[in-house]
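S.K.: Structure: coords-v8.txt, compact mmCIF, C-alpha atoms.
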# COMPACT_ATOMS: atom_id res chain seq x y z
CA MET A 1 67.94 31.77 -51.49
CA GLY A 2 67.05 34.45 -48.91
CA TRP A 3 65.31 37.77 -48.58
CA ALA A 4 66.45 40.98 -50.24
CA THR A 5 65.50 44.51 -49.26
CA VAL A 6 65.07 47.10 -52.01
CA LEU A 7 64.73 50.87 -51.94
CA ILE A 8 62.99 52.46 -54.92
CA ASP A 9 63.47 56.22 -55.05
CA GLY A 10 62.12 58.73 -57.55
CA ASN A 11 64.90 60.83 -59.07
CA ASN A 12 64.38 64.59 -58.57
CA PHE A 13 60.75 63.72 -57.93
CA TYR A 14 59.02 67.11 -58.11
CA ALA A 15 60.94 68.10 -61.24
CA SER A 16 60.35 64.66 -62.80
CA CYS A 17 56.60 64.94 -62.19
CA GLU A 18 56.56 68.28 -64.01
CA ALA A 19 58.48 66.81 -66.96
CA ALA A 20 56.24 63.73 -67.09
CA LEU A 21 53.21 65.96 -67.80
CA ASP A 22 55.08 68.45 -70.00
CA PRO A 23 57.49 66.67 -72.38
CA SER A 24 58.92 70.02 -73.50
CA LEU A 25 60.75 70.11 -70.14
CA ILE A 26 62.70 66.89 -70.76
CA GLY A 27 66.41 67.64 -70.94
CA ARG A 28 65.97 71.27 -69.83
CA PRO A 29 67.11 72.73 -66.50
CA LEU A 30 64.09 73.05 -64.19
CA VAL A 31 63.57 74.23 -60.61
CA VAL A 32 60.48 74.00 -58.41
CA LEU A 33 59.72 76.68 -55.82
CA SER A 34 58.32 76.42 -52.30
CA ASN A 35 55.07 77.94 -51.02
CA ASN A 36 54.47 81.50 -52.22
CA ASP A 37 57.24 80.97 -54.78
CA GLY A 38 59.79 81.54 -52.05
CA CYS A 39 62.79 79.20 -52.32
CA ILE A 40 64.10 76.50 -54.62
CA VAL A 41 63.02 73.11 -53.21
CA ALA A 42 63.66 70.81 -56.19
CA ARG A 43 66.00 70.75 -59.19
CA SER A 44 66.27 68.63 -62.28
CA ALA A 45 69.57 66.93 -63.04
CA GLU A 46 70.29 69.63 -65.63
CA ALA A 47 69.71 72.38 -63.04
CA ARG A 48 72.02 70.61 -60.59
CA ALA A 49 74.71 70.47 -63.26
CA LEU A 50 74.50 74.26 -63.59
CA GLY A 51 75.34 74.60 -59.90
CA ILE A 52 72.00 76.07 -58.87
CA PRO A 53 71.84 75.75 -55.06
CA MET A 54 68.98 74.15 -53.15
CA GLY A 55 67.06 76.39 -50.74
CA LYS A 56 68.12 79.64 -52.38
CA PRO A 57 65.43 82.39 -52.28
CA TYR A 58 64.00 82.82 -55.74
CA PHE A 59 64.22 86.61 -55.77
CA GLN A 60 67.99 86.37 -55.24
CA VAL A 61 68.64 84.12 -58.25
CA ARG A 62 65.81 85.16 -60.56
CA ARG A 63 68.01 87.03 -63.02
CA GLU A 64 70.62 84.27 -63.03
CA LEU A 65 67.96 81.64 -63.78
CA GLU A 66 66.61 83.73 -66.65
CA CYS A 67 70.09 84.11 -68.14
CA LEU A 68 70.71 80.36 -67.89
CA GLY A 69 67.36 79.51 -69.48
CA VAL A 70 66.12 77.65 -66.41
CA VAL A 71 62.40 76.81 -66.33
CA VAL A 72 60.70 77.76 -63.06
CA ARG A 73 57.57 76.09 -61.67
CA SER A 74 55.50 76.68 -58.53
CA SER A 75 54.93 73.67 -56.26
CA ASN A 76 52.00 71.62 -57.58
CA TYR A 77 51.28 69.45 -54.54
CA ALA A 78 48.11 67.93 -56.01
CA LEU A 79 50.12 66.62 -58.95
CA TYR A 80 52.99 65.30 -56.82
CA ALA A 81 50.68 63.51 -54.37
CA ASP A 82 48.74 61.86 -57.17
CA MET A 83 51.89 60.77 -59.01
CA SER A 84 53.25 59.39 -55.72
CA GLN A 85 50.13 57.30 -55.22
CA ARG A 86 50.37 55.99 -58.79
CA LEU A 87 54.03 55.15 -58.24
CA MET A 88 53.31 53.12 -55.09
CA LEU A 89 50.46 51.26 -56.83
CA THR A 90 52.84 50.40 -59.66
CA LEU A 91 55.46 49.06 -57.24
CA GLU A 92 53.14 46.85 -55.17
CA PRO A 93 52.97 43.86 -57.59
CA TRP A 94 56.76 43.76 -57.84
CA VAL A 95 57.52 42.96 -54.19
CA GLU A 96 56.27 40.68 -51.43
CA GLU A 97 55.95 43.59 -48.96
CA LEU A 98 55.98 47.34 -49.51
CA GLU A 99 56.61 50.18 -47.08
CA VAL A 100 55.81 53.68 -48.33
CA TYR A 101 58.63 55.62 -46.70
CA SER A 102 58.04 59.09 -48.19
CA ILE A 103 56.34 60.76 -51.13
CA ASP A 104 59.02 59.44 -53.51
CA GLU A 105 60.58 56.50 -51.64
CA ALA A 106 59.47 52.97 -50.83
CA PHE A 107 61.17 49.95 -49.26
CA GLY A 108 60.27 46.49 -50.47
CA ARG A 109 61.14 42.87 -49.70
CA LEU A 110 61.35 39.97 -52.10
CA HIS A 111 63.03 36.59 -52.36
CA ARG A 112 66.48 36.55 -53.88
CA PRO A 113 66.64 33.96 -56.70
CA ALA A 114 69.07 31.07 -56.76
CA ALA A 115 71.25 32.93 -59.27
CA GLY A 116 71.62 35.64 -56.63
CA ASP A 117 71.62 38.78 -58.81
CA LEU A 118 68.49 40.98 -58.90
CA SER A 119 69.89 43.61 -61.27
CA ALA A 120 67.79 42.39 -64.20
CA TRP A 121 64.69 42.56 -61.99
CA GLY A 122 65.57 46.12 -61.02
CA ARG A 123 66.03 47.18 -64.64
CA ALA A 124 62.68 45.69 -65.59
CA LEU A 125 61.03 47.57 -62.71
CA ARG A 126 62.60 50.86 -63.80
CA GLN A 127 61.37 50.33 -67.36
CA GLN A 128 57.83 49.65 -66.22
CA VAL A 129 57.70 52.77 -64.02
CA ARG A 130 59.12 54.84 -66.86
CA ARG A 131 56.62 53.39 -69.33
CA HIS A 132 53.56 53.75 -67.07
CA LEU A 133 54.33 57.09 -65.38
CA GLY A 134 57.21 58.71 -67.23
CA LEU A 135 59.20 58.89 -63.98
CA PRO A 136 62.87 57.90 -63.57
CA VAL A 137 63.63 55.86 -60.44
CA ALA A 138 66.75 54.40 -58.85
CA VAL A 139 66.73 50.91 -57.34
CA GLY A 140 69.07 49.88 -54.53
CA ILE A 141 69.13 46.20 -53.51
CA ALA A 142 70.82 44.75 -50.42
CA PRO A 143 70.25 42.46 -47.42
CA SER A 144 69.08 45.28 -45.10
CA LYS A 145 67.44 48.72 -45.13
CA VAL A 146 70.61 50.69 -44.39
CA LEU A 147 72.55 48.82 -47.08
CA ALA A 148 69.65 49.30 -49.51
CA LYS A 149 69.88 53.04 -48.89
CA LEU A 150 73.61 52.93 -49.68
CA ALA A 151 72.96 50.79 -52.77
CA ASN A 152 70.38 53.32 -53.96
CA LYS A 153 72.90 56.13 -53.59
CA LEU A 154 75.45 54.13 -55.56
CA ALA A 155 72.85 53.44 -58.25
CA LYS A 156 72.34 57.18 -58.69
CA GLY A 157 76.00 58.12 -58.41
CA ASP A 158 77.36 56.39 -61.52
CA PRO A 159 75.50 56.40 -64.88
CA ALA A 160 77.23 53.11 -65.70
CA HIS A 161 74.98 51.38 -63.15
CA GLY A 162 71.89 52.30 -65.14
CA GLY A 163 69.97 53.32 -62.02
CA VAL A 164 70.22 49.85 -60.41
CA PHE A 165 72.77 48.53 -57.94
CA ASP A 166 72.60 45.15 -56.18
CA LEU A 167 74.97 45.34 -53.24
CA GLY A 168 73.87 41.93 -52.00
CA ALA A 169 75.03 40.16 -55.17
CA LEU A 170 78.65 41.27 -54.80
CA ALA A 171 81.28 38.84 -53.59
CA ASP A 172 83.15 41.70 -51.88
CA PRO A 173 81.03 44.80 -51.10
CA ASP A 174 83.76 46.39 -48.94
CA PRO A 175 85.24 48.68 -51.65
CA TRP A 176 81.79 50.13 -52.28
CA LEU A 177 81.15 50.71 -48.57
CA GLU A 178 84.51 52.41 -48.31
CA ALA A 179 83.46 54.83 -51.06
CA VAL A 180 80.42 56.05 -49.05
CA ALA A 181 81.25 58.94 -46.71
CA ILE A 182 80.12 58.61 -43.10
CA GLU A 183 77.80 61.62 -43.55
CA ASP A 184 75.92 59.75 -46.30
CA VAL A 185 75.07 56.73 -44.14
CA TRP A 186 71.34 56.60 -43.37
CA GLY A 187 70.78 57.32 -39.67
CA ILE A 188 74.03 59.22 -39.13
CA GLY A 189 73.29 62.79 -38.12
CA ARG A 190 75.58 65.79 -37.93
CA LYS A 191 76.70 65.23 -34.33
CA LEU A 192 77.33 61.50 -34.72
CA SER A 193 79.21 61.98 -37.99
CA ARG A 194 81.46 64.54 -36.30
CA TRP A 195 82.06 62.10 -33.42
CA CYS A 196 83.00 59.42 -35.97
CA ARG A 197 85.35 61.73 -37.86
CA LEU A 198 87.19 62.63 -34.66
CA ARG A 199 87.89 58.90 -34.19
CA GLY A 200 89.06 58.35 -37.73
CA VAL A 201 85.81 56.78 -38.93
CA ALA A 202 85.29 58.43 -42.32
CA ASN A 203 83.17 55.96 -44.30
CA ALA A 204 80.55 53.22 -44.02
CA LEU A 205 83.13 50.40 -43.97
CA GLN A 206 85.00 51.90 -41.03
CA LEU A 207 81.73 52.37 -39.15
CA ARG A 208 80.88 48.72 -39.75
CA GLU A 209 84.26 47.66 -38.30
CA LEU A 210 84.18 50.07 -35.34
CA ALA A 211 84.25 48.43 -31.92
CA SER A 212 80.63 47.80 -30.95
CA GLY A 213 81.18 48.75 -27.32
CA GLU A 214 82.55 52.16 -28.25
CA LEU A 215 79.63 52.80 -30.63
CA ARG A 216 77.07 51.68 -28.07
CA ALA A 217 78.53 54.04 -25.45
CA ARG A 218 77.94 56.94 -27.83
CA ALA A 219 74.80 55.99 -29.79
CA GLY A 220 73.14 53.28 -27.68
CA VAL A 221 71.05 50.49 -29.15
CA VAL A 222 70.18 52.63 -32.18
CA GLY A 223 73.86 52.82 -33.13
CA LEU A 224 74.33 49.07 -32.66
CA ARG A 225 71.29 48.35 -34.79
CA LEU A 226 72.68 50.56 -37.55
CA GLN A 227 76.02 48.76 -37.38
CA GLN A 228 74.31 45.36 -37.61
CA GLU A 229 72.43 46.60 -40.67
CA LEU A 230 75.77 47.56 -42.26
CA ARG A 231 76.95 44.00 -41.57
CA GLY A 232 74.02 42.63 -43.55
CA HIS A 233 71.74 41.66 -40.66
CA SER A 234 68.22 43.01 -41.15
CA CYS A 235 67.19 44.70 -37.88
CA LEU A 236 64.70 47.26 -39.20
CA PRO A 237 61.46 45.56 -40.29
CA LEU A 238 59.27 46.93 -43.03
CA VAL A 239 56.25 48.89 -41.83
CA ALA A 240 53.47 47.94 -44.24
CA ALA A 241 50.81 49.93 -42.38
CA PRO A 242 51.95 53.27 -40.91
CA PRO A 243 51.07 53.83 -37.24
CA ALA A 244 48.12 56.05 -36.40
CA LYS A 245 49.05 59.72 -36.33
CA GLN A 246 49.32 61.44 -32.98
CA GLU A 247 48.87 64.94 -34.43
CA THR A 248 47.67 66.56 -37.64
CA CYS A 249 48.95 69.98 -38.65
CA VAL A 250 48.14 72.39 -41.48
CA SER A 251 50.12 75.63 -41.75
CA ARG A 252 51.06 78.06 -44.50
CA SER A 253 52.87 81.34 -44.96
CA PHE A 254 50.78 84.19 -46.33
CA SER A 255 51.48 85.84 -49.68
CA GLU A 256 50.66 89.17 -48.00
CA PRO A 257 50.96 89.89 -44.24
CA ILE A 258 47.69 89.72 -42.31
CA ARG A 259 46.74 92.69 -40.17
CA GLU A 260 42.96 92.34 -39.79
CA LEU A 261 40.86 89.98 -37.68
CA GLY A 262 38.62 89.01 -40.59
CA GLN A 263 41.62 87.89 -42.66
CA LEU A 264 43.03 85.84 -39.80
CA ARG A 265 39.67 84.15 -39.27
CA GLU A 266 39.54 83.28 -42.98
CA ALA A 267 43.01 81.73 -42.81
CA ILE A 268 42.17 79.72 -39.69
CA ALA A 269 38.91 78.53 -41.26
CA THR A 270 40.78 77.44 -44.41
CA TYR A 271 43.35 75.46 -42.44
CA ILE A 272 40.72 73.90 -40.17
CA SER A 273 38.75 72.79 -43.22
CA ARG A 274 41.84 71.13 -44.69
CA ALA A 275 42.79 69.52 -41.36
CA ALA A 276 39.27 68.15 -40.90
CA GLU A 277 39.48 66.50 -44.34
CA LYS A 278 42.74 64.87 -43.28
CA LEU A 279 41.17 63.63 -40.06
CA ARG A 280 38.30 61.99 -41.90
CA ARG A 281 40.65 60.37 -44.37
CA GLN A 282 42.73 59.05 -41.46
CA ARG A 283 39.54 57.83 -39.74
CA GLN A 284 40.29 59.84 -36.62
CA ARG A 285 38.71 62.52 -34.40
CA ALA A 286 40.47 65.36 -32.57
CA GLY A 287 39.95 66.33 -28.96
CA THR A 288 42.15 69.45 -28.87
CA ILE A 289 42.78 72.32 -31.31
CA THR A 290 45.80 74.63 -31.17
CA VAL A 291 46.03 77.69 -33.43
CA PHE A 292 49.43 79.34 -33.79
CA VAL A 293 50.65 82.49 -35.54
CA ARG A 294 53.93 84.28 -36.07
CA SER A 295 55.22 87.42 -37.71
CA SER A 296 58.20 87.71 -40.04
CA PRO A 297 61.59 88.31 -38.37
CA PHE A 298 62.52 90.54 -41.32
CA ASN A 299 59.66 93.06 -41.43
CA GLY A 300 61.28 95.67 -39.20
CA THR A 301 59.13 94.99 -36.12
CA ARG A 302 59.89 92.90 -33.06
CA PHE A 303 59.25 89.22 -33.75
CA TYR A 304 55.90 87.97 -32.46
CA ALA A 305 54.71 84.39 -32.05
CA ASN A 306 51.76 83.08 -30.08
CA ALA A 307 49.36 80.13 -29.79
CA ALA A 308 45.96 79.40 -28.25
CA THR A 309 44.29 76.08 -27.49
CA ALA A 310 40.69 74.89 -27.23
CA THR A 311 39.51 71.53 -25.89
CA LEU A 312 36.40 69.94 -27.38
CA PRO A 313 33.80 68.43 -25.04
CA LEU A 314 33.54 65.50 -27.46
CA ALA A 315 36.23 64.53 -29.99
CA SER A 316 35.13 65.33 -33.54
CA ASN A 317 36.17 65.51 -37.19
CA ASP A 318 33.14 67.59 -38.19
CA THR A 319 34.39 70.76 -39.88
CA ALA A 320 31.59 72.87 -38.36
CA VAL A 321 32.42 71.69 -34.83
CA LEU A 322 36.13 72.37 -35.29
CA LEU A 323 35.45 75.81 -36.78
CA ALA A 324 33.21 76.76 -33.85
CA ALA A 325 36.03 75.93 -31.44
CA ALA A 326 38.91 77.44 -33.44
CA LEU A 327 37.59 80.75 -34.82
CA PRO A 328 37.15 82.47 -31.41
CA LEU A 329 40.88 81.92 -30.81
CA ALA A 330 41.73 84.46 -33.53
CA GLU A 331 40.89 87.42 -31.30
CA ARG A 332 43.35 86.17 -28.68
CA LEU A 333 46.18 85.95 -31.21
CA LEU A 334 45.94 89.13 -33.29
CA ARG A 335 48.02 92.08 -32.04
CA PRO A 336 47.99 95.70 -33.27
CA HIS A 337 51.06 96.64 -35.31
CA LYS A 338 52.15 92.98 -35.58
CA PRO A 339 51.53 91.90 -39.20
CA LEU A 340 51.35 88.10 -39.29
CA GLN A 341 53.37 86.17 -41.85
CA LYS A 342 52.26 82.61 -41.00
CA ALA A 343 49.50 80.73 -39.19
CA GLY A 344 48.55 77.13 -38.66
CA VAL A 345 46.30 74.71 -36.81
CA LEU A 346 47.37 71.65 -34.87
CA LEU A 347 44.84 68.92 -34.05
CA GLN A 348 45.82 66.80 -31.06
CA ASN A 349 44.48 64.08 -28.76
CA LEU A 350 43.49 62.10 -31.84
CA GLN A 351 41.18 59.12 -31.37
CA PRO A 352 40.30 56.28 -33.78
CA LEU A 353 36.99 56.73 -35.52
CA GLU A 354 35.79 53.40 -34.13
CA GLN A 355 36.30 54.60 -30.54
CA LEU A 356 34.36 57.56 -29.16
CA GLN A 357 33.98 58.27 -25.47
CA HIS A 358 30.41 59.58 -25.07
CA HIS A 359 29.02 61.46 -22.11
CA LEU A 360 25.57 62.50 -20.91
CA LEU A 361 25.92 66.04 -22.27
CA ALA A 362 26.76 65.05 -25.85
CA PRO A 363 26.05 68.08 -28.10
CA LEU A 364 24.10 66.09 -30.73
CA PRO A 365 21.76 63.09 -30.51
CA PRO A 366 23.02 59.92 -32.28
CA GLU A 367 20.69 60.26 -35.29
CA GLN A 368 21.72 63.86 -35.94
CA GLN A 369 25.37 62.89 -35.48
CA ARG A 370 25.01 60.23 -38.20
CA ARG A 371 23.45 62.80 -40.54
CA ARG A 372 26.41 65.11 -39.96
CA GLU A 373 28.80 62.28 -40.81
CA VAL A 374 26.95 61.62 -44.07
CA LEU A 375 27.13 65.34 -44.89
CA MET A 376 30.91 65.43 -44.31
CA ALA A 377 31.39 62.32 -46.46
CA THR A 378 29.33 63.90 -49.25
CA ILE A 379 31.37 67.11 -49.19
CA ASP A 380 34.63 65.15 -49.24
CA GLY A 381 33.38 63.06 -52.13
CA LEU A 382 32.45 66.11 -54.20
CA ASN A 383 35.81 67.74 -53.56
CA ARG A 384 37.68 64.57 -54.50
CA ARG A 385 35.70 64.16 -57.70
CA PHE A 386 35.59 67.75 -58.94
CA GLY A 387 38.65 69.26 -57.24
CA ARG A 388 39.45 70.80 -53.89
CA GLY A 389 37.33 73.84 -53.10
CA THR A 390 34.34 72.72 -55.17
CA VAL A 391 32.34 72.83 -51.93
CA GLN A 392 33.84 75.01 -49.23
CA TRP A 393 32.82 76.83 -46.07
CA ALA A 394 31.85 80.49 -46.32
CA ALA A 395 34.17 81.32 -43.42
CA CYS A 396 37.14 80.52 -45.69
CA GLY A 397 36.43 83.48 -47.96
CA LEU A 398 36.24 83.52 -51.74
CA LYS A 399 39.47 85.04 -53.07
CA PRO A 400 41.49 86.11 -50.02
CA ALA A 401 44.40 88.46 -50.62
CA TRP A 402 46.62 86.42 -48.28
CA ALA A 403 46.19 83.15 -50.24
CA MET A 404 49.31 81.28 -51.28
CA LYS A 405 51.01 82.74 -54.34
CA ARG A 406 51.72 80.25 -57.14
CA GLN A 407 52.26 82.33 -60.26
CA ARG A 408 54.09 79.56 -62.14
CA LEU A 409 51.76 76.67 -61.34
CA SER A 410 51.52 73.85 -63.86
CA ARG A 411 48.29 72.06 -64.68
CA ALA A 412 46.92 69.33 -62.39
CA ALA A 413 46.45 67.07 -65.39
CA THR A 414 46.05 63.88 -63.35
CA THR A 415 43.44 65.16 -60.90
CA ARG A 416 41.39 67.78 -62.76
CA LEU A 417 39.36 67.09 -65.90
CA SER A 418 39.74 70.61 -67.22
CA ASP A 419 43.56 70.27 -67.12
CA ILE A 420 43.85 67.07 -69.17
CA PRO A 421 46.08 67.78 -72.19
CA VAL A 422 44.34 67.83 -75.56
CA VAL A 423 46.21 66.41 -78.54
CA HIS A 424 45.27 67.58 -82.05
CA SER A 425 46.17 65.72 -85.22
CA ASP A 426 45.80 66.78 -88.84
In structure tokens, write the structure found in this file.

M.R.:
Amino acid sequence: MGWATVLIDGNNFYASCEAALDPSLIGRPLVVLSNNDGCIVARSAEARALGIPMGKPYFQVRRELECLGVVVRSSNYALYADMSQRLMLTLEPWVEELEVYSIDEAFGRLHRPAAGDLSAWGRALRQQVRRHLGLPVAVGIAPSKVLAKLANKLAKGDPAHGGVFDLGALADPDPWLEAVAIEDVWGIGRKLSRWCRLRGVANALQLRELASGELRARAGVVGLRLQQELRGHSCLPLVAAPPAKQETCVSRSFSEPIRELGQLREAIATYISRAAEKLRRQRQRAGTITVFVRSSPFNGTRFYANAATATLPLASNDTAVLLAAALPLAERLLRPHKPLQKAGVLLQNLQPLEQLQHHLLAPLPPEQQRRREVLMATIDGLNRRFGRGTVQWAACGLKPAWAMKRQRLSRAATTRLSDIPVVHSD
């Protein structure tokens, strides 16, 4: 009996979240659009089967989607984030350790039973997730992270596997590794896959058997670690607690180009407010603020991009302090005859909340600083309870014309009381 590594991955996550809250979408082709309803960023299995390409601008395929009867939804990030959190909470009791790898993926570790096969465990996990959340997941099981990634891909690739594949329970996994193209191996990028192809290494099995010295000369220790993972030796530990962030960024494209200073200040204030919320949730303070803007390369004018930075005398996560430092930067960034298509804020020099380097010229006395912290916590609490924007800063504007366009937005039925479905019975 030893350890097994598992990768649980939500299938077509954004589309599955939409279908979980709207049963009428089950079995229908569905696509989800990016910010401002720009490009296709997610597809249901039915939409994939129709050959609808990922990343295609919506305006180019709108008529085609209508003819095919494809349902179109705007990105509902509040819904996806909440469903992701529910998914991870559901997975925690099933494993000894859990690493949240992305919004729809998690690695886990558990003991392999004496019988050796964990397929029944994986099927039971899938059933529980489906029953509790309505989400389909695939489960890949193997001795290492890289092999678990491959097992997950194999679980999705053949319906006969039922969404579960235990690579570690096989007496001879080589035929399955041979079926995985080198480009599909986790950690193999475009340049390294091309290098492998030129040397006749076309699949995961051939990479595992490649001379270690030759691989190390090209990919260093990272390449050797990947090869050891393919050989079943676990070299990549699970990260239960993610490391502290070094930067926090909030940026968005505008639904309408910005040409006026007041509009740009509203956008910067909106992004600063959101970034400050993130800082407080991460229990960090920022010492430096960078505001950046850019125009569209397709609007007929010469492309323009610029950034400006402000350094705070004392690191802070107070929205008012960050706004006071960031808003004056707008005048340095706006240019006549350069309509802006995107802007963002980047908070840097992040410090843990428990550590704050004071100085003699601190802007606020300790007691007033504590009152400001209570105020920020109260605002965050109200916005969490009643929905984002319940309490907001006047500098953000009320209904700005540049705000993100989401004309096909579904309800946030898991995070907003007013959006909870109502069922009537006779």

S.K.: Dump as a list in words all residues having an atom at most 12 Å from (41.5, 64.3, -63.2), computed in the file's coordinates with all atoms listed in the file.

M.R.: Ala78, Leu79, Asp82, Met83, Asn383, Arg384, Arg385, Phe386, Gly387, Arg388, Arg411, Ala412, Ala413, Thr414, Thr415, Arg416, Leu417, Ser418, Asp419, Ile420 and Pro421 of chain A

S.K.: Is it possible to get the residues within 9 Å of (56.3, 52.6, -47.9) (coordinates as in the file, counting all atoms listed in the file) written as a list in words?

M.R.: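 Every polymer residue passing the test: Met88, Leu98, Glu99, Val100, Tyr101, Ser102, Ile103, Glu105, Ala106, Phe107, Gly108, Leu238, Val239, Ala240, Ala241 and Pro242 of chain A.
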
S.K.: Could you tell me which of A:Val321, A:Ala403, A:Pro53, A:Leu340 comes closest to Gln369 (chain A) if we count all atoms listed in the file?

M.R.: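 Comparing A:Val321, A:Ala403, A:Pro53, A:Leu340 against Gln369 (chain A), the winner is A:Val321.
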
S.K.: Would you compute the distance between CA of Cys235 (chain A) and CA of Leu207 (chain A)? Give it in Å to one decimal.

M.R.: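 Pair CA of Cys235 (chain A) / CA of Leu207 (chain A) returns 16.5 Å.
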
S.K.: Which residue, A:Ala219, A:Val71, A:Ala275, A:Val201, has the smallest gap to Val345 (chain A) when you use all atoms listed in the file?

M.R.: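 Looking only at the distances to Val345 (chain A), the closest residue turns out to be A:Ala275.
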
S.K.: Would you save region 348-413 of chain A to a file, keeping C-alpha atoms, as a compact mmCIF listing (two decimals), in the first residue's frame?

M.R.:
# COMPACT_ATOMS: atom_id res chain seq x y z
CA GLN A 348 3.18 45.69 -5.99
CA ASN A 349 5.62 45.49 -3.08
CA LEU A 350 3.02 43.51 -1.16
CA GLN A 351 3.56 43.00 2.57
CA PRO A 352 1.84 40.62 5.01
CA LEU A 353 -0.84 42.24 7.10
CA GLU A 354 0.97 41.19 10.27
CA GLN A 355 4.10 43.12 9.25
CA LEU A 356 4.02 46.88 8.78
CA GLN A 357 7.12 49.04 8.75
CA HIS A 358 6.11 52.26 10.55
CA HIS A 359 7.94 55.55 10.47
CA LEU A 360 7.77 58.82 12.39
CA LEU A 361 5.69 60.55 9.72
CA ALA A 362 2.89 57.96 9.59
CA PRO A 363 -0.18 59.63 8.00
CA LEU A 364 -2.64 58.39 10.65
CA PRO A 365 -2.32 57.80 14.41
CA PRO A 366 -2.76 54.14 15.50
CA GLU A 367 -6.29 54.60 16.88
CA GLN A 368 -7.53 56.24 13.68
CA GLN A 369 -5.80 53.55 11.64
CA ARG A 370 -7.70 50.85 13.55
CA ARG A 371 -10.98 52.68 12.90
CA ARG A 372 -10.21 52.73 9.18
CA GLU A 373 -9.55 48.98 9.25
CA VAL A 374 -12.91 48.37 10.93
CA LEU A 375 -14.59 50.54 8.27
CA MET A 376 -12.98 48.55 5.42
CA ALA A 377 -14.00 45.26 7.05
CA THR A 378 -17.58 46.51 7.41
CA ILE A 379 -17.78 47.55 3.75
CA ASP A 380 -16.36 44.20 2.63
CA GLY A 381 -18.84 42.37 4.82
CA LEU A 382 -21.82 44.25 3.39
CA ASN A 383 -20.68 43.62 -0.18
CA ARG A 384 -20.17 39.91 0.51
CA ARG A 385 -23.58 39.58 2.12
CA PHE A 386 -25.69 41.66 -0.25
CA GLY A 387 -23.64 41.54 -3.46
CA ARG A 388 -20.73 43.43 -4.93
CA GLY A 389 -21.42 47.14 -5.35
CA THR A 390 -23.89 47.35 -2.47
CA VAL A 391 -21.52 49.89 -0.91
CA GLN A 392 -19.17 51.56 -3.36
CA TRP A 393 -17.04 54.67 -3.68
CA ALA A 394 -18.52 57.71 -5.41
CA ALA A 395 -15.39 58.02 -7.55
CA CYS A 396 -16.41 54.79 -9.33
CA GLY A 397 -19.47 56.40 -10.88
CA LEU A 398 -23.03 55.08 -10.93
CA LYS A 399 -23.71 53.67 -14.41
CA PRO A 400 -20.59 54.39 -16.48
CA ALA A 401 -20.92 54.04 -20.25
CA TRP A 402 -17.59 52.19 -20.43
CA ALA A 403 -18.66 49.41 -18.02
CA MET A 404 -18.22 45.82 -19.14
CA LYS A 405 -20.92 44.63 -21.51
CA ARG A 406 -22.64 41.38 -20.51
CA GLN A 407 -25.90 41.29 -22.43
CA ARG A 408 -26.37 37.52 -22.03
CA LEU A 409 -25.55 37.23 -18.34
CA SER A 410 -27.20 34.42 -16.39
CA ARG A 411 -28.42 34.79 -12.83
CA ALA A 412 -26.00 34.61 -9.89
CA ALA A 413 -28.30 32.14 -8.17
